[in-house]
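Participant: You'll find target-v6.cif just under this line, and it carries mmCIF, C-alpha atoms.
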data_protein
#
loop_
_atom_site.group_PDB
_atom_site.id
_atom_site.type_symbol
_atom_site.label_atom_id
_atom_site.label_comp_id
_atom_site.auth_asym_id
_atom_site.auth_seq_id
_atom_site.Cartn_x
_atom_site.Cartn_y
_atom_site.Cartn_z
ATOM 1 C CA MET R 356 -22.143 30.002 -35.279
ATOM 2 C CA VAL R 357 -19.058 32.220 -35.094
ATOM 3 C CA PRO R 358 -16.623 31.386 -32.237
ATOM 4 C CA ASN R 359 -17.441 34.519 -30.212
ATOM 5 C CA LYS R 360 -21.165 33.748 -30.250
ATOM 6 C CA ILE R 361 -20.541 30.106 -29.334
ATOM 7 C CA MET R 362 -18.258 31.177 -26.520
ATOM 8 C CA GLY R 363 -20.765 33.763 -25.325
ATOM 9 C CA SER R 364 -23.486 31.138 -25.272
ATOM 10 C CA GLN R 365 -21.278 28.693 -23.370
ATOM 11 C CA VAL R 366 -20.237 31.355 -20.832
ATOM 12 C CA LYS R 367 -23.878 32.293 -20.306
ATOM 13 C CA SER R 368 -24.786 28.630 -19.840
ATOM 14 C CA LEU R 369 -21.920 28.123 -17.387
ATOM 15 C CA LEU R 370 -22.810 31.151 -15.288
ATOM 16 C CA SER R 371 -26.493 30.236 -15.095
ATOM 17 C CA GLY R 372 -25.564 26.582 -14.425
ATOM 18 C CA VAL R 373 -23.320 27.515 -11.509
ATOM 19 C CA SER R 374 -25.974 29.857 -10.188
ATOM 20 C CA ASP R 375 -28.765 27.249 -10.480
ATOM 21 C CA HIS R 376 -26.637 24.497 -8.963
ATOM 22 C CA GLY R 377 -25.548 26.672 -6.052
ATOM 23 C CA ASP R 378 -29.060 27.943 -5.533
ATOM 24 C CA ARG R 379 -30.507 24.412 -5.371
ATOM 25 C CA HIS R 380 -27.880 23.204 -2.895
ATOM 26 C CA LEU R 381 -28.241 26.252 -0.679
ATOM 27 C CA ALA R 382 -32.045 26.246 -0.825
ATOM 28 C CA GLU R 383 -32.043 22.636 0.410
ATOM 29 C CA VAL R 384 -29.573 23.506 3.167
ATOM 30 C CA GLU R 385 -31.740 26.443 4.170
ATOM 31 C CA THR R 386 -34.852 24.227 4.315
ATOM 32 C CA ASP R 387 -33.022 21.612 6.381
ATOM 33 C CA LEU R 388 -31.736 24.259 8.790
ATOM 34 C CA VAL R 389 -35.224 25.669 9.304
ATOM 35 C CA GLN R 390 -36.600 22.151 9.871
ATOM 36 C CA MET R 391 -33.776 21.336 12.278
ATOM 37 C CA ASN R 392 -34.405 24.536 14.201
ATOM 38 C CA ILE R 393 -38.088 23.626 14.594
ATOM 39 C CA LEU R 394 -37.283 20.064 15.715
ATOM 40 C CA LEU R 395 -34.645 21.228 18.188
ATOM 41 C CA GLY R 396 -36.979 23.899 19.562
ATOM 42 C CA GLU R 397 -39.781 21.383 20.087
ATOM 43 C CA ALA R 398 -37.426 18.793 21.565
ATOM 44 C CA ILE R 399 -35.936 21.243 24.050
ATOM 45 C CA LYS R 400 -39.412 22.450 25.005
ATOM 46 C CA LYS R 401 -40.567 18.863 25.554
ATOM 47 C CA LEU R 402 -37.435 17.874 27.470
ATOM 48 C CA GLY R 403 -37.507 21.036 29.594
ATOM 49 C CA SER R 404 -41.145 20.496 30.458
ATOM 50 C CA SER R 405 -40.536 16.832 31.342
ATOM 51 C CA PHE R 406 -37.487 17.708 33.411
ATOM 52 C CA MET R 407 -39.363 20.319 35.440
ATOM 53 C CA ALA R 408 -42.381 18.046 35.939
ATOM 54 C CA ILE R 409 -40.199 15.153 37.105
ATOM 55 C CA HIS R 410 -38.337 17.483 39.454
ATOM 56 C CA SER R 411 -41.623 18.744 40.889
ATOM 57 C CA ALA R 412 -42.956 15.184 41.344
ATOM 58 C CA LEU R 413 -39.766 14.072 43.075
ATOM 59 C CA SER R 414 -39.973 17.063 45.426
ATOM 60 C CA ILE R 415 -43.482 16.020 46.486
ATOM 61 C CA GLN R 416 -42.291 12.433 46.978
ATOM 62 C CA GLN R 417 -39.384 13.691 49.054
ATOM 63 C CA GLU R 418 -41.741 15.636 51.339
ATOM 64 C CA THR R 419 -43.570 12.386 52.104
ATOM 65 C CA VAL R 420 -40.307 10.534 52.643
ATOM 66 C CA ASN R 421 -39.209 13.265 55.063
ATOM 67 C CA LEU R 422 -42.511 12.970 56.916
ATOM 68 C CA LEU R 423 -42.102 9.187 57.224
ATOM 69 C CA LEU R 424 -38.507 9.545 58.380
ATOM 70 C CA SER R 425 -39.573 11.948 61.088
ATOM 71 C CA GLY R 426 -42.054 9.381 62.389
ATOM 72 C CA GLY R 427 -45.176 11.000 60.976
ATOM 73 C CA THR R 428 -48.013 9.180 59.223
ATOM 74 C CA PRO R 429 -48.990 10.364 55.750
ATOM 75 C CA ALA R 430 -52.668 11.136 55.248
ATOM 76 C CA PRO R 431 -54.660 8.752 52.972
ATOM 77 C CA GLU R 432 -54.956 11.485 50.320
ATOM 78 C CA CYS R 433 -51.178 11.855 50.446
ATOM 79 C CA ILE R 434 -50.754 8.150 49.632
ATOM 80 C CA ALA R 435 -53.192 8.453 46.747
ATOM 81 C CA ARG R 436 -51.318 11.491 45.526
ATOM 82 C CA LEU R 437 -48.033 9.561 45.631
ATOM 83 C CA GLU R 438 -49.522 6.807 43.485
ATOM 84 C CA ALA R 439 -50.774 9.388 41.009
ATOM 85 C CA ILE R 440 -47.369 11.052 40.945
ATOM 86 C CA GLN R 441 -45.726 7.755 40.087
ATOM 87 C CA GLY R 442 -47.974 7.523 37.029
ATOM 88 C CA GLU R 443 -47.236 11.135 36.111
ATOM 89 C CA ILE R 444 -43.498 10.494 36.310
ATOM 90 C CA GLY R 445 -43.922 7.593 33.894
ATOM 91 C CA GLU R 446 -45.772 9.835 31.451
ATOM 92 C CA HIS R 447 -43.108 12.534 31.660
ATOM 93 C CA VAL R 448 -40.324 9.981 31.172
ATOM 94 C CA ASN R 449 -42.143 8.738 28.060
ATOM 95 C CA ALA R 450 -42.423 12.305 26.773
ATOM 96 C CA ALA R 451 -38.714 12.813 27.452
ATOM 97 C CA VAL R 452 -37.856 9.618 25.538
ATOM 98 C CA THR R 453 -39.856 10.939 22.583
ATOM 99 C CA GLY R 454 -38.094 14.309 22.833
ATOM 100 C CA LEU R 455 -34.661 12.723 23.073
ATOM 101 C CA GLN R 456 -35.099 11.234 19.616
ATOM 102 C CA PHE R 457 -34.371 14.657 18.097
ATOM 103 C CA GLN R 458 -30.726 13.621 17.827
ATOM 104 C CA ASP R 459 -31.533 10.864 15.346
ATOM 105 C CA MET R 460 -33.520 13.197 13.083
ATOM 106 C CA THR R 461 -31.230 16.194 13.314
ATOM 107 C CA SER R 462 -28.144 14.082 12.643
ATOM 108 C CA GLN R 463 -29.799 12.839 9.427
ATOM 109 C CA LEU R 464 -30.559 16.430 8.438
ATOM 110 C CA ILE R 465 -26.993 17.491 9.252
ATOM 111 C CA GLY R 466 -25.650 14.600 7.162
ATOM 112 C CA ARG R 467 -27.790 15.750 4.241
ATOM 113 C CA MET R 468 -26.596 19.347 4.607
ATOM 114 C CA VAL R 469 -22.971 18.220 4.701
ATOM 115 C CA THR R 470 -23.557 16.309 1.451
ATOM 116 C CA HIS R 471 -25.048 19.436 -0.136
ATOM 117 C CA LEU R 472 -22.126 21.614 0.947
ATOM 118 C CA SER R 473 -19.682 18.968 -0.217
ATOM 119 C CA GLY R 474 -21.437 18.892 -3.611
ATOM 120 C CA LEU R 475 -21.158 22.651 -3.859
ATOM 121 C CA ARG R 476 -17.464 22.519 -2.962
ATOM 122 C CA ASP R 477 -16.909 19.868 -5.641
ATOM 123 C CA VAL R 478 -18.437 22.160 -8.247
ATOM 124 C CA PHE R 479 -16.228 25.058 -7.193
ATOM 125 C CA GLY R 480 -13.248 22.714 -7.201
ATOM 126 C CA ALA R 481 -14.045 21.557 -10.741
ATOM 127 C CA LEU R 482 -14.367 25.170 -11.875
ATOM 128 C CA ASP R 483 -11.014 25.962 -10.305
ATOM 129 C CA THR R 484 -9.410 22.972 -12.021
ATOM 130 C CA GLY R 485 -10.981 24.060 -15.300
ATOM 131 C CA SER R 486 -9.660 27.584 -14.941
ATOM 132 C CA THR R 487 -6.079 26.313 -14.813
ATOM 133 C CA ASN R 488 -6.565 24.966 -18.346
ATOM 134 C CA VAL R 489 -7.212 28.458 -19.687
ATOM 135 C CA LEU R 490 -3.797 29.667 -20.814
ATOM 136 C CA PRO R 491 -2.846 33.014 -22.318
ATOM 137 C CA GLU R 492 -2.170 31.237 -25.606
ATOM 138 C CA SER R 493 -5.505 29.330 -25.589
ATOM 139 C CA ASN R 494 -7.531 29.948 -28.705
ATOM 140 C CA HIS R 495 -11.300 30.174 -29.108
ATOM 141 C CA ASP R 496 -11.683 26.455 -29.783
ATOM 142 C CA ASP R 497 -9.761 25.503 -26.633
ATOM 143 C CA ILE R 498 -11.868 27.807 -24.487
ATOM 144 C CA ILE R 499 -15.114 26.641 -26.090
ATOM 145 C CA ALA R 500 -14.145 23.002 -25.481
ATOM 146 C CA LEU R 501 -13.343 23.788 -21.841
ATOM 147 C CA LEU R 502 -16.595 25.675 -21.311
ATOM 148 C CA ASN R 503 -18.467 22.804 -22.916
ATOM 149 C CA SER R 504 -16.894 20.243 -20.587
ATOM 150 C CA LEU R 505 -17.641 22.418 -17.545
ATOM 151 C CA ASN R 506 -21.269 22.755 -18.622
ATOM 152 C CA GLN R 507 -21.519 18.984 -19.049
ATOM 153 C CA MET R 508 -19.988 18.470 -15.609
ATOM 154 C CA LEU R 509 -22.575 20.799 -14.074
ATOM 155 C CA ALA R 510 -25.431 19.040 -15.841
ATOM 156 C CA GLU R 511 -24.202 15.614 -14.647
ATOM 157 C CA ARG R 512 -23.852 16.800 -11.057
ATOM 158 C CA GLY R 513 -27.323 18.297 -11.203
ATOM 159 C CA VAL R 514 -28.740 14.891 -12.155
ATOM 160 C CA ALA R 515 -26.673 13.184 -9.452
ATOM 161 C CA LEU R 516 -27.996 15.690 -6.910
ATOM 162 C CA GLU R 517 -31.587 14.780 -7.745
ATOM 163 C CA GLY R 518 -30.957 11.087 -7.152
ATOM 164 C CA ALA R 519 -28.615 11.145 -4.190
ATOM 165 C CA LEU R 520 -30.330 13.509 -1.825
ATOM 166 C CA ARG R 521 -33.810 12.149 -1.272
ATOM 167 C CA ARG R 522 -35.423 13.663 1.792
ATOM 168 C CA ALA R 523 -35.722 10.969 4.471
ATOM 169 C CA VAL R 524 -36.780 13.210 7.360
ATOM 170 C CA ASN R 525 -40.061 15.049 6.852
ATOM 171 C CA GLN R 526 -41.001 15.468 10.510
ATOM 172 C CA ARG R 527 -41.725 19.012 11.607
ATOM 173 C CA HIS R 528 -42.952 18.118 15.083
ATOM 174 C CA MET R 529 -41.625 16.017 17.942
ATOM 175 C CA GLU R 530 -44.953 14.239 18.453
ATOM 176 C CA SER R 531 -44.902 10.466 18.039
ATOM 177 C CA GLY R 532 -45.370 9.248 14.483
ATOM 178 C CA ASP R 533 -47.965 7.039 12.807
ATOM 179 C CA ILE R 534 -48.082 3.280 13.356
ATOM 180 C CA GLU R 535 -49.367 0.890 10.724
ATOM 181 C CA LEU R 536 -49.466 -2.885 11.013
ATOM 182 C CA PHE R 537 -49.659 -4.773 7.708
ATOM 183 C CA MET S 482 -38.701 -16.462 29.830
ATOM 184 C CA ALA S 483 -38.440 -12.946 28.427
ATOM 185 C CA LYS S 484 -38.915 -12.593 24.692
ATOM 186 C CA THR S 485 -35.965 -11.234 22.768
ATOM 187 C CA ILE S 486 -36.088 -8.281 20.411
ATOM 188 C CA LEU S 487 -33.352 -7.317 17.967
ATOM 189 C CA ALA S 488 -33.199 -3.498 17.703
ATOM 190 C CA VAL S 489 -31.292 -2.323 14.621
ATOM 191 C CA ASP S 490 -30.446 1.366 14.264
ATOM 192 C CA ASP S 491 -27.296 3.320 13.431
ATOM 193 C CA SER S 492 -28.245 6.005 15.943
ATOM 194 C CA GLY S 493 -26.852 5.123 19.361
ATOM 195 C CA SER S 494 -29.299 7.398 21.164
ATOM 196 C CA LEU S 495 -32.248 5.848 19.360
ATOM 197 C CA ARG S 496 -31.094 2.314 20.220
ATOM 198 C CA GLN S 497 -30.722 3.423 23.820
ATOM 199 C CA MET S 498 -34.287 4.772 23.880
ATOM 200 C CA VAL S 499 -35.706 1.629 22.266
ATOM 201 C CA ALA S 500 -33.823 -0.632 24.674
ATOM 202 C CA PHE S 501 -34.885 1.481 27.660
ATOM 203 C CA SER S 502 -38.541 1.335 26.644
ATOM 204 C CA LEU S 503 -38.671 -2.374 25.818
ATOM 205 C CA LYS S 504 -36.591 -3.540 28.772
ATOM 206 C CA ALA S 505 -38.945 -1.597 31.067
ATOM 207 C CA ALA S 506 -41.773 -3.656 29.568
ATOM 208 C CA GLY S 507 -39.933 -6.908 30.366
ATOM 209 C CA TYR S 508 -38.326 -7.730 27.025
ATOM 210 C CA GLN S 509 -34.734 -8.679 26.413
ATOM 211 C CA VAL S 510 -33.101 -6.433 23.802
ATOM 212 C CA ILE S 511 -30.151 -7.116 21.512
ATOM 213 C CA GLU S 512 -28.771 -4.039 19.758
ATOM 214 C CA ALA S 513 -27.221 -3.855 16.285
ATOM 215 C CA VAL S 514 -25.573 -0.782 14.747
ATOM 216 C CA ASP S 515 -26.692 -1.333 11.140
ATOM 217 C CA GLY S 516 -28.347 -3.853 8.846
ATOM 218 C CA GLN S 517 -25.233 -5.964 8.391
ATOM 219 C CA ASP S 518 -24.626 -6.112 12.143
ATOM 220 C CA GLY S 519 -28.304 -6.968 12.594
ATOM 221 C CA LEU S 520 -28.052 -9.806 10.084
ATOM 222 C CA ASP S 521 -24.906 -11.163 11.758
ATOM 223 C CA LYS S 522 -26.578 -11.110 15.188
ATOM 224 C CA ALA S 523 -29.793 -12.614 13.834
ATOM 225 C CA LYS S 524 -27.791 -15.530 12.426
ATOM 226 C CA LYS S 525 -26.196 -16.200 15.810
ATOM 227 C CA GLN S 526 -29.490 -16.184 17.700
ATOM 228 C CA THR S 527 -33.062 -16.377 16.445
ATOM 229 C CA VAL S 528 -35.026 -13.598 18.116
ATOM 230 C CA ASP S 529 -38.777 -13.160 18.654
ATOM 231 C CA LEU S 530 -39.061 -9.823 16.871
ATOM 232 C CA VAL S 531 -36.873 -7.547 14.748
ATOM 233 C CA LEU S 532 -37.279 -3.779 14.984
ATOM 234 C CA THR S 533 -35.242 -2.019 12.340
ATOM 235 C CA ASP S 534 -34.481 1.432 10.994
ATOM 236 C CA GLN S 535 -34.414 1.975 7.222
ATOM 237 C CA ASN S 536 -31.542 4.347 6.407
ATOM 238 C CA MET S 537 -28.301 2.880 7.743
ATOM 239 C CA PRO S 538 -24.751 2.444 6.458
ATOM 240 C CA ARG S 539 -23.587 -0.895 4.990
ATOM 241 C CA MET S 540 -27.103 -2.406 4.812
ATOM 242 C CA ASP S 541 -30.464 -0.631 4.977
ATOM 243 C CA GLY S 542 -33.568 -1.925 6.710
ATOM 244 C CA ILE S 543 -35.385 -3.224 3.638
ATOM 245 C CA SER S 544 -32.276 -5.140 2.508
ATOM 246 C CA LEU S 545 -32.054 -6.603 6.010
ATOM 247 C CA ILE S 546 -35.673 -7.740 5.845
ATOM 248 C CA LYS S 547 -35.084 -9.386 2.461
ATOM 249 C CA ALA S 548 -32.015 -11.171 3.814
ATOM 250 C CA LEU S 549 -33.870 -12.347 6.932
ATOM 251 C CA ARG S 550 -36.889 -13.548 4.968
ATOM 252 C CA GLY S 551 -34.481 -15.631 2.910
ATOM 253 C CA MET S 552 -33.520 -17.549 6.050
ATOM 254 C CA THR S 553 -35.762 -20.434 7.107
ATOM 255 C CA SER S 554 -35.603 -19.426 10.773
ATOM 256 C CA TYR S 555 -36.870 -15.892 10.036
ATOM 257 C CA GLN S 556 -39.699 -16.587 7.640
ATOM 258 C CA ARG S 557 -42.326 -16.191 10.380
ATOM 259 C CA VAL S 558 -40.560 -13.866 12.815
ATOM 260 C CA PRO S 559 -42.343 -10.483 12.969
ATOM 261 C CA ILE S 560 -40.316 -7.576 11.612
ATOM 262 C CA LEU S 561 -41.282 -3.971 12.270
ATOM 263 C CA MET S 562 -39.735 -0.903 10.673
ATOM 264 C CA LEU S 563 -39.020 2.077 12.955
ATOM 265 C CA THR S 564 -37.902 4.931 10.753
ATOM 266 C CA THR S 565 -38.175 8.628 9.949
ATOM 267 C CA GLU S 566 -39.425 7.583 6.503
ATOM 268 C CA SER S 567 -43.165 8.066 6.162
ATOM 269 C CA GLY S 568 -43.721 7.955 2.396
ATOM 270 C CA ASP S 569 -46.182 5.471 0.935
ATOM 271 C CA ASP S 570 -43.667 4.289 -1.681
ATOM 272 C CA MET S 571 -41.157 3.323 0.996
ATOM 273 C CA LYS S 572 -43.862 1.626 3.090
ATOM 274 C CA ALA S 573 -44.923 -0.374 0.037
ATOM 275 C CA GLN S 574 -41.311 -1.472 -0.492
ATOM 276 C CA GLY S 575 -41.061 -2.523 3.143
ATOM 277 C CA LYS S 576 -44.315 -4.451 2.983
ATOM 278 C CA ALA S 577 -43.243 -6.185 -0.217
ATOM 279 C CA ALA S 578 -39.919 -7.139 1.406
ATOM 280 C CA GLY S 579 -41.781 -8.804 4.269
ATOM 281 C CA ALA S 580 -42.196 -6.167 6.993
ATOM 282 C CA ASN S 581 -45.159 -6.682 9.307
ATOM 283 C CA GLY S 582 -45.533 -3.073 10.344
ATOM 284 C CA TRP S 583 -44.297 0.475 9.953
ATOM 285 C CA LEU S 584 -43.661 2.855 12.848
ATOM 286 C CA VAL S 585 -42.696 6.442 12.120
ATOM 287 C CA LYS S 586 -40.196 8.152 14.428
ATOM 288 C CA PRO S 587 -40.244 9.660 16.923
ATOM 289 C CA PHE S 588 -41.889 6.870 18.881
ATOM 290 C CA ASP S 589 -43.778 7.074 22.134
ATOM 291 C CA PRO S 590 -42.500 4.314 24.491
ATOM 292 C CA GLN S 591 -45.989 3.334 25.612
ATOM 293 C CA ARG S 592 -47.316 3.048 22.060
ATOM 294 C CA LEU S 593 -44.209 1.121 20.989
ATOM 295 C CA THR S 594 -44.651 -1.322 23.844
ATOM 296 C CA GLU S 595 -48.350 -1.744 23.031
ATOM 297 C CA VAL S 596 -47.540 -2.575 19.407
ATOM 298 C CA VAL S 597 -44.811 -5.036 20.376
ATOM 299 C CA LYS S 598 -47.179 -6.734 22.842
ATOM 300 C CA LYS S 599 -49.825 -6.960 20.160
ATOM 301 C CA VAL S 600 -47.378 -8.562 17.749
ATOM 302 C CA ILE S 601 -45.482 -10.998 19.987
ATOM 303 C CA GLY S 602 -47.376 -10.930 23.263
#
The structure given in the file should be rewritten as structure tokens.
Facilitator:
Amino acid sequence: MVPNKIMGSQVKSLLSGVSDHGDRHLAEVETDLVQMNILLGEAIKKLGSSFMAIHSALSIQQETVNLLLSGGTPAPECIARLEAIQGEIGEHVNAAVTGLQFQDMTSQLIGRMVTHLSGLRDVFGALDTGSTNVLPESNHDDIIALLNSLNQMLAERGVALEGALRRAVNQRHMESGDIELF
Amino acid sequence: MAKTILAVDDSGSLRQMVAFSLKAAGYQVIEAVDGQDGLDKAKKQTVDLVLTDQNMPRMDGISLIKALRGMTSYQRVPILMLTTESGDDMKAQGKAAGANGWLVKPFDPQRLTEVVKKVIG
């Protein structure tokens, strides 16, 4: 193959490699952001609901406390209601504990996104370093060798990306997960 | 005497939630920040149950289980995984390493307590 055709082929490969690599990193980041948004939305909804319910239950308890402090006697149904409220508070606290676990999942997703962005920056950095080796006096062979090494670098990083960024968080809801005893 | 549970997770908030839930149920909880810390604490004191995350710096959960199962004092101690991982391949690895159960995050405190009671009473 004549040098111009080889160089053209290498340039084409480099451009499509950069595009594919960038697209894969950014697509993963986009997916993680969407997932994180869903998890955060559900967690806030769950926490907000629990917070309001606990506040409401405490207000009812306080009314009874006020009645007792003023020397009044709570009606039997009021006592039963207080016992029920205690159970409800426990349920809402449990729901809040489940909701609060969003931080663990979102921090894993953020860590994965940071790794993706770092990988993308490394590729751009390698391209920048490569560009400094292109001198005005460089001949076809020099440029072809450089393009070849850049294409190899992209291929290697693509393989590394596949292995290093396994998805560990698949949750799309803040409901409690499955339990299996072996 | 309260039974002791070693909770291993690199997420501080998750450890806090686990400790809150299990202490409310009457258990004593020792916290460890990763697998290596968990192994160090397990060597100092034999606990009644280990509850560990999978993905952690320094040492992951499955490596921790393998290390614990290599110790005479931990060959029969129940070990449960509590992780975001829900894939069958990872569960199979955990089971092969010696895990006794797999709980997928997020956990519900009541269900967690029920499972722990079932396993260690």
Participant: Please find the residues of chain S near chain R - the criterion being any atom within 6 Å, counting only C-alpha atoms - and write them as a ChimeraX atom specification.
Facilitator: /S:492,565-566,581-590
Participant: Quick one: distance from CA of Leu423 (chain R) to CA of Phe406 (chain R) in Å, one decimal?
Facilitator: 25.7 Å
Participant: Just to confirm, what's the straight-line distance from CA of His495 (chain R) to CA of Asn359 (chain R) in Å (one decimal)?
Facilitator: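 Spanning CA of His495 (chain R) to CA of Asn359 (chain R) is a straight-line distance of 7.6 Å.
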Participant: What is the CA of Gly485 (chain R) to CA of Val384 (chain R) distance in Å?
Facilitator: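 We find that CA of Gly485 (chain R) and CA of Val384 (chain R) lie 26.2 Å from each other.
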Participant: So, with all atoms listed in the file as the atoms that count, which of S:Ala500, S:Val597, S:Met482, S:Leu549 lies closest to Leu520 (chain S)?
Facilitator: S:Leu549
Participant: Evaluating the PyMOL selection byres ((chain S and resi 510) around 10) on the displayed file yields which residues, as number ranges by chain?
Facilitator: S: 483-488, 496, 499-504, 507-509, 511-513, 528, 530-531
Participant: Might you spell out which residues the PyMOL selection byres ((chain R and resi 434-438) around 10) would select in the displayed file, as number ranges by chain?
Facilitator: R: 412-413, 415-416, 419, 429-433, 439-443
Participant: As a PyMOL selection string, please: the residues near Thr533 (chain S) (cut-off 9 Å, all atoms listed in the file, same-chain neighbours under 6 positions excluded).
Facilitator: chain S and resi 487-490+515-516+519+541-543+545-546+560-564
Participant: Name all residues at most 12 Å from Lys524 (chain S) (count all atoms listed in the file; drop same-chain ones fewer than 6 positions away) and give them as a PyMOL selection string.
Facilitator: chain S and resi 487+517-518+545+548-555
Participant: Any chance you could work out the residue set of the PyMOL selection byres ((chain R and resi 469-477) around 9) here, as a PDB file with C-alpha atoms, in the coordinates of the input?
Facilitator:
ATOM      1  CA  HIS R 376     -26.637  24.497  -8.963  1.00  0.00           C
ATOM      2  CA  GLY R 377     -25.548  26.672  -6.052  1.00  0.00           C
ATOM      3  CA  HIS R 380     -27.880  23.204  -2.895  1.00  0.00           C
ATOM      4  CA  LEU R 381     -28.241  26.252  -0.679  1.00  0.00           C
ATOM      5  CA  GLU R 383     -32.043  22.636   0.410  1.00  0.00           C
ATOM      6  CA  VAL R 384     -29.573  23.506   3.167  1.00  0.00           C
ATOM      7  CA  LEU R 464     -30.559  16.430   8.438  1.00  0.00           C
ATOM      8  CA  ILE R 465     -26.993  17.491   9.252  1.00  0.00           C
ATOM      9  CA  GLY R 466     -25.650  14.600   7.162  1.00  0.00           C
ATOM     10  CA  ARG R 467     -27.790  15.750   4.241  1.00  0.00           C
ATOM     11  CA  MET R 468     -26.596  19.347   4.607  1.00  0.00           C
ATOM     12  CA  VAL R 478     -18.437  22.160  -8.247  1.00  0.00           C
ATOM     13  CA  PHE R 479     -16.228  25.058  -7.193  1.00  0.00           C
ATOM     14  CA  GLY R 480     -13.248  22.714  -7.201  1.00  0.00           C
ATOM     15  CA  ALA R 481     -14.045  21.557 -10.741  1.00  0.00           C
ATOM     16  CA  LEU R 482     -14.367  25.170 -11.875  1.00  0.00           C
ATOM     17  CA  ARG R 512     -23.852  16.800 -11.057  1.00  0.00           C
ATOM     18  CA  LEU R 516     -27.996  15.690  -6.910  1.00  0.00           C
ATOM     19  CA  LEU R 520     -30.330  13.509  -1.825  1.00  0.00           C
TER      20      LEU R 520
END
Participant: Between S:Gly493, S:Gly568, S:Gly579, S:Pro559, which one has atoms that come closest to Ile601 (chain S), using all atoms listed in the file?
Facilitator: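 Closest to Ile601 (chain S) of all the choices is S:Pro559.
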Participant: With all atoms of region 486-501 of chain R from the file as input, state the centre and edge lengths in Å to one decimal of the axis-aligned box that has 4 Å extra on each side, as lines of an AutoDock Vina configuration file.
Facilitator:
center_x = -8.6
center_y = 28.0
center_z = -22.3
size_x = 20.9
size_y = 18.0
size_z = 23.0
Participant: For region 563-576 of chain S, supply N, CA and C atoms and format the output as a PDB file, in the coordinates of the input.
Facilitator:
ATOM      1  N   LEU S 563     -38.915   0.875  12.111  1.00  0.00           N
ATOM      2  CA  LEU S 563     -39.020   2.077  12.955  1.00  0.00           C
ATOM      3  C   LEU S 563     -38.104   3.103  12.312  1.00  0.00           C
ATOM      4  N   THR S 564     -38.693   4.074  11.617  1.00  0.00           N
ATOM      5  CA  THR S 564     -37.902   4.931  10.753  1.00  0.00           C
ATOM      6  C   THR S 564     -38.489   6.340  10.652  1.00  0.00           C
ATOM      7  N   THR S 565     -37.666   7.276  10.213  1.00  0.00           N
ATOM      8  CA  THR S 565     -38.175   8.628   9.949  1.00  0.00           C
ATOM      9  C   THR S 565     -38.965   8.661   8.640  1.00  0.00           C
ATOM     10  N   GLU S 566     -38.761   7.639   7.814  1.00  0.00           N
ATOM     11  CA  GLU S 566     -39.425   7.583   6.503  1.00  0.00           C
ATOM     12  C   GLU S 566     -40.929   7.389   6.698  1.00  0.00           C
ATOM     13  N   SER S 567     -41.713   8.210   6.012  1.00  0.00           N
ATOM     14  CA  SER S 567     -43.165   8.066   6.162  1.00  0.00           C
ATOM     15  C   SER S 567     -43.883   8.013   4.811  1.00  0.00           C
ATOM     16  N   GLY S 568     -43.119   7.961   3.730  1.00  0.00           N
ATOM     17  CA  GLY S 568     -43.721   7.955   2.396  1.00  0.00           C
ATOM     18  C   GLY S 568     -44.362   6.623   2.058  1.00  0.00           C
ATOM     19  N   ASP S 569     -45.453   6.691   1.304  1.00  0.00           N
ATOM     20  CA  ASP S 569     -46.182   5.471   0.935  1.00  0.00           C
ATOM     21  C   ASP S 569     -45.338   4.541   0.067  1.00  0.00           C
ATOM     22  N   ASP S 570     -44.494   5.127  -0.796  1.00  0.00           N
ATOM     23  CA  ASP S 570     -43.667   4.289  -1.681  1.00  0.00           C
ATOM     24  C   ASP S 570     -42.691   3.441  -0.873  1.00  0.00           C
ATOM     25  N   MET S 571     -42.113   4.053   0.154  1.00  0.00           N
ATOM     26  CA  MET S 571     -41.157   3.323   0.996  1.00  0.00           C
ATOM     27  C   MET S 571     -41.886   2.253   1.822  1.00  0.00           C
ATOM     28  N   LYS S 572     -43.064   2.602   2.329  1.00  0.00           N
ATOM     29  CA  LYS S 572     -43.862   1.626   3.090  1.00  0.00           C
ATOM     30  C   LYS S 572     -44.203   0.433   2.200  1.00  0.00           C
ATOM     31  N   ALA S 573     -44.568   0.712   0.966  1.00  0.00           N
ATOM     32  CA  ALA S 573     -44.923  -0.374   0.037  1.00  0.00           C
ATOM     33  C   ALA S 573     -43.716  -1.278  -0.202  1.00  0.00           C
ATOM     34  N   GLN S 574     -42.533  -0.670  -0.305  1.00  0.00           N
ATOM     35  CA  GLN S 574     -41.311  -1.472  -0.492  1.00  0.00           C
ATOM     36  C   GLN S 574     -41.057  -2.355   0.726  1.00  0.00           C
ATOM     37  N   GLY S 575     -41.267  -1.774   1.901  1.00  0.00           N
ATOM     38  CA  GLY S 575     -41.061  -2.523   3.143  1.00  0.00           C
ATOM     39  C   GLY S 575     -42.036  -3.694   3.260  1.00  0.00           C
ATOM     40  N   LYS S 576     -43.278  -3.410   2.922  1.00  0.00           N
ATOM     41  CA  LYS S 576     -44.315  -4.451   2.983  1.00  0.00           C
ATOM     42  C   LYS S 576     -43.992  -5.574   1.994  1.00  0.00           C
TER      43      LYS S 576
END
